[in-house]
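Text of the file entry.cif, holding mmCIF, C-alpha atoms:
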data_work
loop_
_atom_site.label_atom_id
_atom_site.label_comp_id
_atom_site.auth_asym_id
_atom_site.auth_seq_id
_atom_site.Cartn_x
_atom_site.Cartn_y
_atom_site.Cartn_z
CA MET A 1 0.00 0.00 0.00
CA VAL A 2 1.37 3.42 -1.03
CA PRO A 3 1.90 5.81 1.93
CA LEU A 4 -0.63 8.66 1.87
CA GLY A 5 2.09 11.29 1.53
CA LYS A 6 3.26 9.70 -1.74
CA SER A 7 -0.13 10.43 -3.33
CA VAL A 8 0.22 14.19 -2.76
CA ILE A 9 1.94 17.03 -4.62
CA ALA A 10 2.35 20.26 -2.64
CA VAL A 11 2.26 23.67 -4.32
CA ILE A 12 3.51 26.61 -2.26
CA LEU A 13 2.42 30.03 -3.50
CA GLY A 14 5.13 32.67 -3.43
CA GLY A 15 2.61 35.52 -3.23
CA GLY A 16 2.47 38.90 -4.92
CA ALA A 17 4.61 41.98 -4.48
CA GLY A 18 4.19 41.90 -0.68
CA SER A 19 3.67 45.64 -0.42
CA ARG A 20 2.20 45.41 3.12
CA LEU A 21 5.51 43.89 4.31
CA TYR A 22 7.56 46.70 2.72
CA PRO A 23 10.45 47.52 3.26
CA LEU A 24 11.29 43.87 4.11
CA THR A 25 10.06 42.96 0.61
CA ALA A 26 11.88 45.77 -1.21
CA SER A 27 14.51 43.34 -2.53
CA ARG A 28 13.06 39.91 -1.67
CA SER A 29 9.78 38.03 -2.00
CA LYS A 30 7.56 37.42 1.04
CA PRO A 31 8.55 33.74 1.44
CA ALA A 32 12.23 34.77 1.49
CA VAL A 33 11.84 37.17 4.45
CA PRO A 34 14.02 35.97 7.38
CA VAL A 35 12.03 34.74 10.38
CA ALA A 36 13.05 33.60 13.91
CA GLY A 37 16.67 34.63 13.42
CA LYS A 38 17.82 31.80 11.15
CA TYR A 39 14.93 30.66 8.91
CA ARG A 40 12.99 32.03 5.95
CA LEU A 41 9.19 32.10 5.83
CA VAL A 42 9.16 29.50 3.04
CA ASP A 43 10.87 27.03 5.41
CA ILE A 44 7.61 26.78 7.39
CA PRO A 45 5.34 25.20 4.72
CA ILE A 46 8.22 23.11 3.36
CA SER A 47 9.01 21.79 6.85
CA ASN A 48 5.32 21.06 7.53
CA CYS A 49 5.23 19.03 4.31
CA MET A 50 8.40 17.09 5.15
CA ASN A 51 7.18 16.38 8.69
CA SER A 52 3.94 15.08 7.14
CA GLY A 53 5.74 12.69 4.79
CA ILE A 54 5.12 14.86 1.71
CA ASN A 55 8.39 15.37 -0.15
CA ARG A 56 7.35 16.49 -3.64
CA MET A 57 6.91 20.26 -3.64
CA PHE A 58 6.74 23.12 -6.11
CA VAL A 59 7.28 26.75 -5.06
CA LEU A 60 5.61 29.24 -7.42
CA THR A 61 7.50 32.54 -7.63
CA GLN A 62 7.25 35.81 -9.47
CA PHE A 63 8.33 38.95 -7.58
CA ASN A 64 11.90 39.55 -6.32
CA SER A 65 12.53 35.82 -6.44
CA ALA A 66 16.36 35.71 -6.70
CA SER A 67 17.04 35.32 -2.94
CA LEU A 68 14.21 32.78 -2.58
CA ASN A 69 15.55 30.71 -5.49
CA LYS A 70 19.06 30.80 -4.01
CA HIS A 71 17.81 29.75 -0.55
CA ILE A 72 15.84 26.78 -1.91
CA LYS A 73 18.67 25.68 -4.21
CA ASN A 74 21.17 25.79 -1.32
CA THR A 75 18.88 24.17 1.26
CA TYR A 76 16.70 21.34 0.01
CA HIS A 77 18.65 18.39 -1.36
CA PHE A 78 17.15 14.90 -1.34
CA SER A 79 18.95 11.60 -1.72
CA ALA A 80 19.68 10.32 -5.22
CA PHE A 81 17.50 7.33 -4.27
CA SER A 82 14.55 9.52 -3.25
CA THR A 83 11.73 10.84 -5.42
CA GLY A 84 11.61 13.98 -3.25
CA PHE A 85 12.24 17.49 -4.58
CA VAL A 86 11.55 21.16 -3.94
CA ASP A 87 11.40 22.81 -7.37
CA ILE A 88 10.95 26.46 -8.27
CA LEU A 89 8.33 27.27 -10.90
CA ALA A 90 8.75 30.89 -11.93
CA ALA A 91 6.16 32.83 -13.92
CA GLU A 92 7.07 32.40 -17.58
CA GLN A 93 5.81 33.68 -20.88
CA THR A 94 4.41 31.00 -23.19
CA PRO A 95 2.61 31.08 -26.56
CA ASP A 96 -0.65 30.39 -24.66
CA ASN A 97 -0.10 32.94 -21.92
CA PRO A 98 2.32 35.86 -22.33
CA GLY A 99 1.43 37.43 -18.95
CA TRP A 100 2.47 37.21 -15.31
CA PHE A 101 0.57 35.25 -12.66
CA GLN A 102 -2.66 37.21 -12.08
CA GLY A 103 -3.60 35.58 -8.75
CA THR A 104 -3.47 32.34 -6.78
CA ALA A 105 -5.68 30.32 -9.13
CA ASP A 106 -3.99 31.68 -12.25
CA ALA A 107 -0.55 30.82 -10.84
CA VAL A 108 -1.59 27.19 -10.29
CA ARG A 109 -3.31 27.02 -13.70
CA GLN A 110 -0.20 28.25 -15.52
CA SER A 111 1.93 25.71 -13.60
CA LEU A 112 -0.32 22.69 -14.23
CA ARG A 113 1.53 21.72 -17.41
CA HIS A 114 4.63 21.08 -15.30
CA ILE A 115 2.78 19.49 -12.36
CA SER A 116 0.25 17.28 -14.17
CA ASN A 117 2.90 14.99 -15.66
CA LEU A 118 3.59 13.56 -12.19
CA ASP A 119 1.72 10.67 -10.59
CA PHE A 120 -0.51 11.93 -7.75
CA GLU A 121 -4.11 11.84 -6.49
CA TYR A 122 -4.23 15.04 -4.45
CA ILE A 123 -2.75 18.50 -4.75
CA LEU A 124 -2.10 20.46 -1.54
CA ILE A 125 -2.04 24.22 -2.06
CA LEU A 126 -0.23 26.29 0.59
CA SER A 127 0.73 29.90 1.23
CA GLY A 128 4.38 30.87 1.58
CA ASP A 129 3.83 33.49 4.29
CA GLN A 130 2.14 31.80 7.26
CA LEU A 131 3.48 30.59 10.61
CA TYR A 132 2.01 27.32 11.92
CA GLN A 133 2.78 23.64 12.58
CA MET A 134 0.29 21.23 11.04
CA ASP A 135 0.18 17.55 10.14
CA PHE A 136 -1.19 17.61 6.61
CA LEU A 137 -1.70 13.83 6.64
CA GLU A 138 -4.52 14.30 9.16
CA MET A 139 -6.21 16.69 6.76
CA ILE A 140 -5.64 14.45 3.75
CA GLY A 141 -6.87 11.41 5.69
CA ALA A 142 -10.09 13.25 6.64
CA HIS A 143 -10.48 14.40 3.02
CA LYS A 144 -10.13 10.84 1.74
CA GLN A 145 -12.41 9.35 4.41
CA LYS A 146 -15.22 11.81 3.60
CA GLY A 147 -14.88 11.26 -0.13
CA ALA A 148 -14.54 15.05 -0.53
CA ASP A 149 -13.63 16.74 -3.80
CA ILE A 150 -12.03 19.71 -2.05
CA SER A 151 -11.03 20.32 1.57
CA ILE A 152 -10.30 23.70 3.11
CA ALA A 153 -8.31 24.08 6.33
CA THR A 154 -10.28 26.40 8.62
CA ILE A 155 -9.51 28.06 11.93
CA PRO A 156 -11.89 29.67 14.47
CA VAL A 157 -11.37 33.44 14.75
CA HIS A 158 -12.74 36.39 16.77
CA ALA A 159 -15.23 38.87 15.35
CA ASN A 160 -12.55 41.57 15.06
CA ASP A 161 -10.43 39.27 12.85
CA ALA A 162 -13.27 37.79 10.78
CA THR A 163 -13.53 40.81 8.47
CA GLU A 164 -10.00 40.11 7.20
CA PHE A 165 -10.65 36.52 6.05
CA GLY A 166 -12.87 34.35 3.93
CA ILE A 167 -15.56 33.15 6.38
CA LEU A 168 -17.60 29.98 5.87
CA LYS A 169 -20.41 27.95 7.36
CA LYS A 170 -20.51 24.15 7.48
CA ASP A 171 -23.20 21.51 8.08
CA GLU A 172 -23.24 18.70 10.66
CA GLU A 173 -21.03 16.52 8.42
CA ASP A 174 -18.42 19.29 8.06
CA TYR A 175 -19.31 20.05 4.45
CA ILE A 176 -19.14 23.76 3.63
CA SER A 177 -22.54 25.20 2.79
CA SER A 178 -21.68 28.88 2.24
CA PHE A 179 -18.68 31.16 1.95
CA ILE A 180 -18.11 34.93 2.00
CA GLU A 181 -14.88 36.84 1.41
CA LYS A 182 -14.07 39.48 4.09
CA PRO A 183 -17.61 40.11 5.41
CA LYS A 184 -18.60 43.52 6.78
CA LEU A 185 -19.15 43.84 10.55
CA ASP A 186 -22.88 44.50 10.21
CA ILE A 187 -23.61 41.05 8.71
CA LEU A 188 -21.20 39.01 10.85
CA GLY A 189 -24.01 37.74 13.05
CA GLU A 190 -25.27 35.60 10.17
CA TRP A 191 -21.93 33.77 9.95
CA VAL A 192 -21.57 32.41 13.51
CA SER A 193 -20.52 28.72 13.52
CA ASP A 194 -20.37 25.93 16.10
CA THR A 195 -16.58 25.94 16.55
CA GLY A 196 -16.59 23.69 19.64
CA ALA A 197 -16.76 24.46 23.37
CA GLU A 198 -13.07 25.35 23.81
CA MET A 199 -13.03 27.80 20.90
CA GLN A 200 -16.36 29.33 21.91
CA GLN A 201 -14.99 30.02 25.41
CA GLN A 202 -12.30 32.10 23.68
CA ASN A 203 -15.02 33.97 21.72
CA ARG A 204 -13.80 32.43 18.47
CA HIS A 205 -17.18 31.93 16.80
CA TYR A 206 -16.29 32.30 13.11
CA LEU A 207 -14.64 29.77 10.79
CA ALA A 208 -11.98 31.40 8.61
CA SER A 209 -10.27 29.88 5.61
CA MET A 210 -6.53 29.45 6.22
CA GLY A 211 -5.78 29.51 2.50
CA ILE A 212 -4.76 25.82 2.68
CA TYR A 213 -6.59 23.64 0.16
CA ILE A 214 -6.65 20.00 -0.93
CA PHE A 215 -8.05 19.27 -4.38
CA ASN A 216 -8.56 15.95 -6.08
CA LYS A 217 -6.43 16.11 -9.23
CA SER A 218 -9.35 15.73 -11.66
CA VAL A 219 -11.44 18.33 -9.80
CA LEU A 220 -8.67 20.94 -9.90
CA ASN A 221 -8.15 20.39 -13.62
CA ALA A 222 -11.87 20.71 -14.30
CA LEU A 223 -12.24 23.88 -12.21
CA LEU A 224 -9.20 25.71 -13.59
CA LYS A 225 -9.36 24.62 -17.22
CA ASP A 226 -13.02 23.92 -18.02
CA HIS A 227 -15.34 25.70 -15.56
CA HIS A 228 -13.30 28.82 -14.77
CA PRO A 229 -10.59 29.26 -17.41
CA ASN A 230 -10.34 33.01 -16.65
CA ALA A 231 -10.67 32.96 -12.84
CA THR A 232 -7.61 34.38 -11.10
CA ASP A 233 -8.20 33.77 -7.37
CA PHE A 234 -9.17 30.72 -5.28
CA GLY A 235 -10.77 32.60 -2.39
CA LYS A 236 -12.81 35.09 -4.41
CA GLU A 237 -13.84 32.99 -7.42
CA ILE A 238 -13.01 29.26 -7.42
CA ILE A 239 -14.05 28.27 -3.87
CA PRO A 240 -17.43 30.10 -3.67
CA ASP A 241 -18.56 28.52 -6.94
CA ALA A 242 -17.13 25.05 -6.14
CA ILE A 243 -19.26 24.90 -2.97
CA LYS A 244 -22.38 24.82 -5.17
CA ASN A 245 -21.19 21.98 -7.41
CA TYR A 246 -18.70 19.85 -5.45
CA LYS A 247 -18.33 18.22 -2.05
CA VAL A 248 -16.21 20.80 -0.22
CA ALA A 249 -15.22 19.82 3.34
CA SER A 250 -13.95 21.91 6.25
CA PHE A 251 -10.96 20.61 8.20
CA GLN A 252 -10.94 22.57 11.47
CA TYR A 253 -7.50 23.33 12.89
CA ASP A 254 -7.34 24.59 16.48
CA GLY A 255 -3.57 25.11 16.85
CA TYR A 256 -1.42 28.22 16.45
CA TRP A 257 -1.59 29.90 13.06
CA THR A 258 -0.82 33.42 11.95
CA ASP A 259 -0.86 35.06 8.56
CA ILE A 260 2.25 37.24 8.11
CA GLY A 261 0.33 39.92 6.25
CA ASN A 262 1.93 43.14 7.45
CA ILE A 263 4.80 44.58 9.49
CA ALA A 264 2.84 44.49 12.77
CA SER A 265 1.90 40.79 12.45
CA PHE A 266 5.45 39.91 11.38
CA TYR A 267 6.94 41.77 14.34
CA GLU A 268 4.49 40.25 16.84
CA ALA A 269 4.95 36.70 15.49
CA ASN A 270 8.74 36.92 15.87
CA LEU A 271 8.69 38.42 19.38
CA ALA A 272 6.11 35.82 20.47
CA LEU A 273 8.86 33.22 20.01
CA THR A 274 10.59 34.64 23.11
CA GLN A 275 7.72 33.63 25.42
CA GLU A 276 8.28 31.02 28.14
CA ILE A 277 6.25 28.46 26.19
CA PRO A 278 5.73 29.93 22.70
CA LEU A 279 2.63 28.93 20.74
CA PHE A 280 4.88 28.24 17.74
CA ASN A 281 7.32 25.70 19.17
CA LEU A 282 10.78 25.64 17.60
CA PHE A 283 11.89 23.11 20.22
CA ASP A 284 9.75 20.21 19.01
CA ASN A 285 11.32 16.90 17.98
CA SER A 286 8.32 15.90 15.86
CA ASN A 287 7.89 19.28 14.12
CA VAL A 288 11.41 20.20 13.07
CA VAL A 289 11.76 23.46 11.13
CA TYR A 290 14.33 22.85 8.40
CA THR A 291 16.53 25.49 6.86
CA ARG A 292 19.93 25.96 5.24
CA ALA A 293 22.70 24.28 7.25
CA ARG A 294 25.33 26.95 7.83
CA MET A 295 28.75 26.06 9.22
CA LEU A 296 28.75 28.81 11.85
CA PRO A 297 30.47 28.98 15.23
CA PRO A 298 28.37 29.09 18.43
CA ALA A 299 27.15 32.47 19.66
CA LYS A 300 29.59 34.34 21.93
CA ILE A 301 28.10 36.48 24.70
CA SER A 302 30.05 38.63 27.14
CA GLY A 303 28.70 40.73 30.04
CA THR A 304 25.14 40.83 28.70
CA THR A 305 21.95 40.55 30.78
CA LEU A 306 19.47 38.48 28.76
CA GLU A 307 15.72 38.33 29.34
CA LYS A 308 13.51 36.17 27.09
CA THR A 309 15.83 36.41 24.09
CA LEU A 310 16.65 34.06 21.20
CA ILE A 311 20.19 34.29 19.82
CA ALA A 312 21.16 32.54 16.59
CA GLU A 313 24.52 30.95 15.94
CA GLY A 314 27.54 32.95 14.85
CA SER A 315 26.61 36.03 16.90
CA ILE A 316 29.02 38.12 18.97
CA ILE A 317 27.11 39.94 21.72
CA ASN A 318 28.79 42.42 24.08
CA ALA A 319 25.63 44.43 24.77
CA SER A 320 24.61 45.62 28.20
CA ARG A 321 21.07 44.20 28.02
CA LEU A 322 18.71 42.40 25.62
CA ASP A 323 15.02 42.16 26.59
CA TYR A 324 12.43 40.27 24.51
CA CYS A 325 14.61 40.10 21.41
CA VAL A 326 15.23 37.77 18.50
CA VAL A 327 18.83 38.05 17.33
CA GLY A 328 19.68 36.56 13.93
CA ILE A 329 22.75 34.83 12.54
CA ARG A 330 26.17 36.56 12.64
CA SER A 331 24.78 39.51 14.62
CA ARG A 332 27.30 41.82 16.29
CA ILE A 333 26.17 44.11 19.13
CA GLY A 334 28.66 46.39 20.88
CA TYR A 335 29.38 47.26 24.53
CA GLY A 336 26.90 49.33 26.54
CA THR A 337 24.03 48.81 24.08
CA THR A 338 20.47 48.03 25.21
CA VAL A 339 17.95 46.40 22.85
CA VAL A 340 14.30 45.98 23.86
CA SER A 341 11.41 44.26 22.03
CA SER A 342 13.24 44.10 18.72
CA TYR A 343 14.09 41.67 15.94
CA ILE A 344 17.71 41.92 14.74
CA MET A 345 17.90 39.88 11.52
CA GLY A 346 21.67 39.56 11.52
CA ASN A 347 24.20 39.52 8.71
CA ASP A 348 25.13 37.49 5.64
CA TYR A 349 28.88 37.68 6.25
CA TYR A 350 31.62 38.65 8.71
CA GLU A 351 33.92 41.61 8.26
CA THR A 352 37.62 40.94 8.74
CA LEU A 353 39.53 43.01 11.30
CA GLU A 354 41.41 44.69 8.44
CA VAL A 355 38.17 45.76 6.71
CA MET A 356 36.73 46.99 10.03
CA HIS A 357 39.83 49.12 10.59
CA GLU A 358 39.68 50.57 7.05
CA ASN A 359 35.99 51.42 7.42
CA VAL A 360 36.54 53.11 10.79
CA GLN A 361 39.20 55.30 9.13
CA LYS A 362 36.60 56.27 6.51
CA GLY A 363 33.93 56.95 9.13
CA ILE A 364 31.85 53.90 8.14
CA PRO A 365 30.39 51.98 11.12
CA LYS A 366 31.18 48.27 11.50
CA ILE A 367 28.54 45.85 10.28
CA GLY A 368 26.10 45.22 13.12
CA ILE A 369 25.13 47.48 16.03
CA GLY A 370 27.69 49.74 17.70
CA GLU A 371 28.34 50.75 21.31
CA ARG A 372 26.08 52.62 23.78
CA CYS A 373 23.03 52.37 21.51
CA TYR A 374 19.41 52.18 22.64
CA ILE A 375 17.01 50.29 20.33
CA LYS A 376 13.35 49.63 21.14
CA ASP A 377 10.34 48.38 19.10
CA ALA A 378 12.39 47.89 15.96
CA ILE A 379 13.19 45.47 13.16
CA ILE A 380 16.78 45.74 11.95
CA ASP A 381 17.04 44.14 8.50
CA LYS A 382 20.10 42.23 7.27
CA ASN A 383 23.58 43.75 6.88
CA CYS A 384 22.85 47.10 8.56
CA ARG A 385 25.65 49.27 9.93
CA ILE A 386 24.53 51.09 13.06
CA GLY A 387 27.14 53.38 14.58
CA ASN A 388 27.83 54.23 18.22
CA ASP A 389 25.37 56.17 20.42
CA VAL A 390 22.46 55.59 18.01
CA ARG A 391 18.98 55.90 19.53
CA ILE A 392 15.94 54.19 17.96
CA ASN A 393 12.90 54.63 20.19
CA GLY A 394 9.94 53.04 18.43
CA GLY A 395 6.38 53.29 19.69
CA LYS A 396 2.92 54.64 18.93
CA HIS A 397 4.16 58.22 19.38
CA LEU A 398 5.89 57.96 15.98
CA GLU A 399 4.01 58.76 12.78
CA ASN A 400 4.08 56.39 9.80
CA THR A 401 6.82 57.48 7.43
CA ASP A 402 9.19 56.19 4.75
CA HIS A 403 12.75 57.54 5.00
CA PRO A 404 15.65 56.44 2.74
CA LEU A 405 17.18 54.58 5.73
CA TYR A 406 14.10 53.34 7.58
CA THR A 407 10.31 52.97 7.53
CA ILE A 408 7.92 53.43 10.46
CA LYS A 409 4.65 51.47 10.48
CA GLU A 410 2.29 51.38 13.47
CA GLY A 411 5.09 52.52 15.78
CA ILE A 412 7.54 49.84 14.60
CA VAL A 413 10.80 51.17 13.17
CA VAL A 414 12.13 49.03 10.31
CA VAL A 415 15.74 49.84 9.44
CA LYS A 416 16.17 48.95 5.77
CA LYS A 417 18.48 46.21 4.52
CA GLY A 418 22.08 47.43 4.28
CA ALA A 419 21.28 50.86 5.80
CA ILE A 420 24.10 52.85 7.39
CA LEU A 421 23.13 54.88 10.49
CA PRO A 422 26.04 57.15 11.52
CA ASP A 423 27.19 57.73 15.11
CA GLY A 424 24.59 59.60 17.17
CA PHE A 425 21.72 59.02 14.73
CA VAL A 426 18.29 59.38 16.39
CA ILE A 427 14.85 58.05 15.38
#

What would you get if you wrote out this structure as structure tokens?
Amino acid sequence: MVPLGKSVIAVILGGGAGSRLYPLTASRSKPAVPVAGKYRLVDIPISNCMNSGINRMFVLTQFNSASLNKHIKNTYHFSAFSTGFVDILAAEQTPDNPGWFQGTADAVRQSLRHISNLDFEYILILSGDQLYQMDFLEMIGAHKQKGADISIATIPVHANDATEFGILKKDEEDYISSFIEKPKLDILGEWVSDTGAEMQQQNRHYLASMGIYIFNKSVLNALLKDHHPNATDFGKEIIPDAIKNYKVASFQYDGYWTDIGNIASFYEANLALTQEIPLFNLFDNSNVVYTRARMLPPAKISGTTLEKTLIAEGSIINASRLDYCVVGIRSRIGYGTTVVSSYIMGNDYYETLEVMHENVQKGIPKIGIGERCYIKDAIIDKNCRIGNDVRINGGKHLENTDHPLYTIKEGIVVVKKGAILPDGFVI
């Protein structure tokens, strides 16, 4: 008997331009944004697939895809005796379609000619910018047992979140009976669902689509090629119509899940990893998060008071204090510096002592964060050079702005990739 995971092909959507995550997406796609100090967002769906026994994956890319392509090429290598792969499918011009991907459904449609040649029963469609740990085999098993044509992973949400998602209602057998995309507050009362006692106690009364779908191969082909050859989006067009004509099941997931849609959600999701028992557990033997294996030395910390802080390998920390921080690979933080509630993404390389000396002579700060700095409520992107006595005091008192060196969104200061902040710079 063929293992269930062998009957599945996973397709991970790289997403659009990612403008709500700007400036982190100025030079990289959303799935390539560094998360938790040493991973990329795309590592999350890929790791969930691998932990679920699914090892045939396509990643669909379009915008700013160079760093994502490089990460996947350098990271995911399967044995010569394995059928596993993680392949990039970039938007391409063809005689049939000279345009870019127009949406989620269009991206999958344009990629079907590469995917359909493989032997599989089910196609699992995932987003490249979500943080969660899920056993997809449970969902596929439920899909198969019900004899469903399509299954949608759903999660109970509060009323204040429901307006941001596709909301659905299901019957007693968990088949979806109706669906609405981003309902207005005044009609929410009509969309209350029985989400179970535990979820109802948390006031999570609405079932939201997680943007995770399972399609039977023949059903997906029929929907994208025959019934809706011009539809561009799953949530807005394909799913609402499929509910009328196919058996569409809800698979309710009650674990931790967050959609990394904007700077605030990205910042909060990363800092949440510093909690005593984080909802997204990086320290889980059965849910390993895979990423590129870097041959880096252990982190070196001297004279620093640490409170609820994650520090990635290769870092050199001489700071005075780090509170509620995530510190990425190869980070360097100088003496007397305090960092509070911030995500330091780290660096792609080390500077030699000779180069440091030359740069100091030219008035260029060393890569990393200098001495006697104070940084609060900030995201420091990769390869920044922050001089001595720099003060970044984020918070709601700051207005949204976009400066050549940094962006402020909802009180969070995002220092742009490769930015140079001279000694004494103040935000």

One residue among A:Leu398, A:Ile344, A:Val59, A:Ile176 is nearest to Val86 of chain A when using all atoms listed in the file, and that residue is A:Val59

Compare A:Val219, A:Ile412, A:Ile392, A:Ile155 by their minimum atom-to-atom distance to Gly196 of chain A, counting all atoms listed in the file, and give me the closest one.
->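 The closest residue to Gly196 of chain A is A:Ile155.
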
Find the residues around Leu168 of chain A up to 12 Å (all atoms listed in the file counted), leave out those fewer than 2 positions away in its own chain, and share them as a ChimeraX atom specification. /A:152-157,162-163,165-166,170-171,174-183,188,190-195,205-210,235,239-240,243,248-252

Closest of A:Val289, A:Ile427, A:Val390, A:Ile125 to Ile9 of chain A - atom-to-atom distances counting all atoms listed in the file: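 The shortest atom-to-atom distance to Ile9 of chain A comes from A:Ile125.
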
Expand the PyMOL selection byres ((chain A and resi 158) around 6) into the individual residues it matches in the shown file, reporting them as a PDB file with C-alpha atoms, in the coordinates of the input.
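What ended up in result24.pdb:
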ATOM      1  CA  VAL A 157     -11.370  33.440  14.750  1.00  0.00           C
ATOM      2  CA  ALA A 159     -15.230  38.870  15.350  1.00  0.00           C
ATOM      3  CA  ASN A 160     -12.550  41.570  15.060  1.00  0.00           C
ATOM      4  CA  ASP A 161     -10.430  39.270  12.850  1.00  0.00           C
ATOM      5  CA  ASN A 203     -15.020  33.970  21.720  1.00  0.00           C
ATOM      6  CA  ARG A 204     -13.800  32.430  18.470  1.00  0.00           C
TER       7      ARG A 204
END

Non-local contacts of Phe266 of chain A (12 Å; all atoms listed in the file; under 3 positions in same chain excluded) as a PyMOL selection string = chain A and resi 20-22+24+30+33-36+41+129-131+258-263+269-273+342-343+378-379+409+412+414

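With all atoms listed in the file as the basis for measurement, A:Gln133 is the residue among A:Gln361, A:Thr337, A:Gln133, A:Gln200 that approaches Trp257 of chain A most closely.
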
Go through A:Val413, A:Ile115, A:Leu223, A:Leu137 one by one, measure the shortest atom-to-atom distance of each to Ser52 of chain A using all atoms listed in the file, and give the residue with the smallest value.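 Ranked by minimum distance to Ser52 of chain A, first place goes to A:Leu137.
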
Name the residues in contact with Ala419 of chain A at a cut-off of 6 Å, using all atoms listed in the file, excluding same-chain residues fewer than 2 positions from it; report them as an mmCIF file with C-alpha atoms, keeping the file's coordinate frame.
data_model
loop_
_atom_site.group_PDB
_atom_site.id
_atom_site.type_symbol
_atom_site.label_atom_id
_atom_site.label_comp_id
_atom_site.auth_asym_id
_atom_site.auth_seq_id
_atom_site.Cartn_x
_atom_site.Cartn_y
_atom_site.Cartn_z
ATOM 1 C CA CYS A 384 22.850 47.100 8.560
ATOM 2 C CA LEU A 405 17.180 54.580 5.730
ATOM 3 C CA LYS A 416 16.170 48.950 5.770
ATOM 4 C CA LYS A 417 18.480 46.210 4.520
#

Identify all residues satisfying the PyMOL selection byres ((chain A and resi 228) around 12) in the given file; provide them as a PDB file with C-alpha atoms, in the frame of the given file.
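What landed in expr_16.pdb:
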ATOM      1  CA  ALA A 105      -5.680  30.320  -9.130  1.00  0.00           C
ATOM      2  CA  ASP A 106      -3.990  31.680 -12.250  1.00  0.00           C
ATOM      3  CA  ARG A 109      -3.310  27.020 -13.700  1.00  0.00           C
ATOM      4  CA  VAL A 219     -11.440  18.330  -9.800  1.00  0.00           C
ATOM      5  CA  LEU A 220      -8.670  20.940  -9.900  1.00  0.00           C
ATOM      6  CA  ASN A 221      -8.150  20.390 -13.620  1.00  0.00           C
ATOM      7  CA  ALA A 222     -11.870  20.710 -14.300  1.00  0.00           C
ATOM      8  CA  LEU A 223     -12.240  23.880 -12.210  1.00  0.00           C
ATOM      9  CA  LEU A 224      -9.200  25.710 -13.590  1.00  0.00           C
ATOM     10  CA  LYS A 225      -9.360  24.620 -17.220  1.00  0.00           C
ATOM     11  CA  ASP A 226     -13.020  23.920 -18.020  1.00  0.00           C
ATOM     12  CA  HIS A 227     -15.340  25.700 -15.560  1.00  0.00           C
ATOM     13  CA  PRO A 229     -10.590  29.260 -17.410  1.00  0.00           C
ATOM     14  CA  ASN A 230     -10.340  33.010 -16.650  1.00  0.00           C
ATOM     15  CA  ALA A 231     -10.670  32.960 -12.840  1.00  0.00           C
ATOM     16  CA  THR A 232      -7.610  34.380 -11.100  1.00  0.00           C
ATOM     17  CA  ASP A 233      -8.200  33.770  -7.370  1.00  0.00           C
ATOM     18  CA  PHE A 234      -9.170  30.720  -5.280  1.00  0.00           C
ATOM     19  CA  GLU A 237     -13.840  32.990  -7.420  1.00  0.00           C
ATOM     20  CA  ILE A 238     -13.010  29.260  -7.420  1.00  0.00           C
ATOM     21  CA  ILE A 239     -14.050  28.270  -3.870  1.00  0.00           C
ATOM     22  CA  PRO A 240     -17.430  30.100  -3.670  1.00  0.00           C
ATOM     23  CA  ASP A 241     -18.560  28.520  -6.940  1.00  0.00           C
ATOM     24  CA  ALA A 242     -17.130  25.050  -6.140  1.00  0.00           C
TER      25      ALA A 242
END

ask   = Which one is closest to Ser302 of chain A: A:Gln145, A:Thr83, A:Ser320, A:Asn285? Count all atoms listed in the file.
value =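 Counting all atoms listed in the file, the residue closest to Ser302 of chain A is A:Ser320.
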
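One finds atom CA of Gly336 of chain A at 23.6 Å from atom CA of Pro297 of chain A.
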
From atom CA of Asn74 of chain A to atom CA of Arg56 of chain A the spacing works out at 16.8 Å

Point to revise | Selection dump of the PyMOL selection byres ((chain A and resi 122) around 7), as a PyMOL selection string | key: chain A and resi 7-9+120-121+123-124+214-217

Residues from the last selection, C-alpha atoms, saved as a short mmCIF file (atom, residue, chain, number, x, y, z; two decimals), keeping the file's coordinate frame:
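And here is the file that came out, again-v7.cif:
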data_model
loop_
_atom_site.label_atom_id
_atom_site.label_comp_id
_atom_site.auth_asym_id
_atom_site.auth_seq_id
_atom_site.Cartn_x
_atom_site.Cartn_y
_atom_site.Cartn_z
CA SER A 7 -0.13 10.43 -3.33
CA VAL A 8 0.22 14.19 -2.76
CA ILE A 9 1.94 17.03 -4.62
CA PHE A 120 -0.51 11.93 -7.75
CA GLU A 121 -4.11 11.84 -6.49
CA ILE A 123 -2.75 18.50 -4.75
CA LEU A 124 -2.10 20.46 -1.54
CA ILE A 214 -6.65 20.00 -0.93
CA PHE A 215 -8.05 19.27 -4.38
CA ASN A 216 -8.56 15.95 -6.08
CA LYS A 217 -6.43 16.11 -9.23
#

Find the axis-aligned box for segment 409-423 of chain A, covering all its listed atoms and adding 5 Å on each side, and write its centre and edge lengths in Å to one decimal as lines of an AutoDock Vina configuration file.
center_x = 14.7
center_y = 52.0
center_z = 10.0
size_x = 34.9
size_y = 21.5
size_z = 21.5

Atom pair atom CA of Asn359 of chain A / atom CA of Lys300 of chain A: separation (Å)
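Pair atom CA of Asn359 of chain A / atom CA of Lys300 of chain A returns 23.3 Å.
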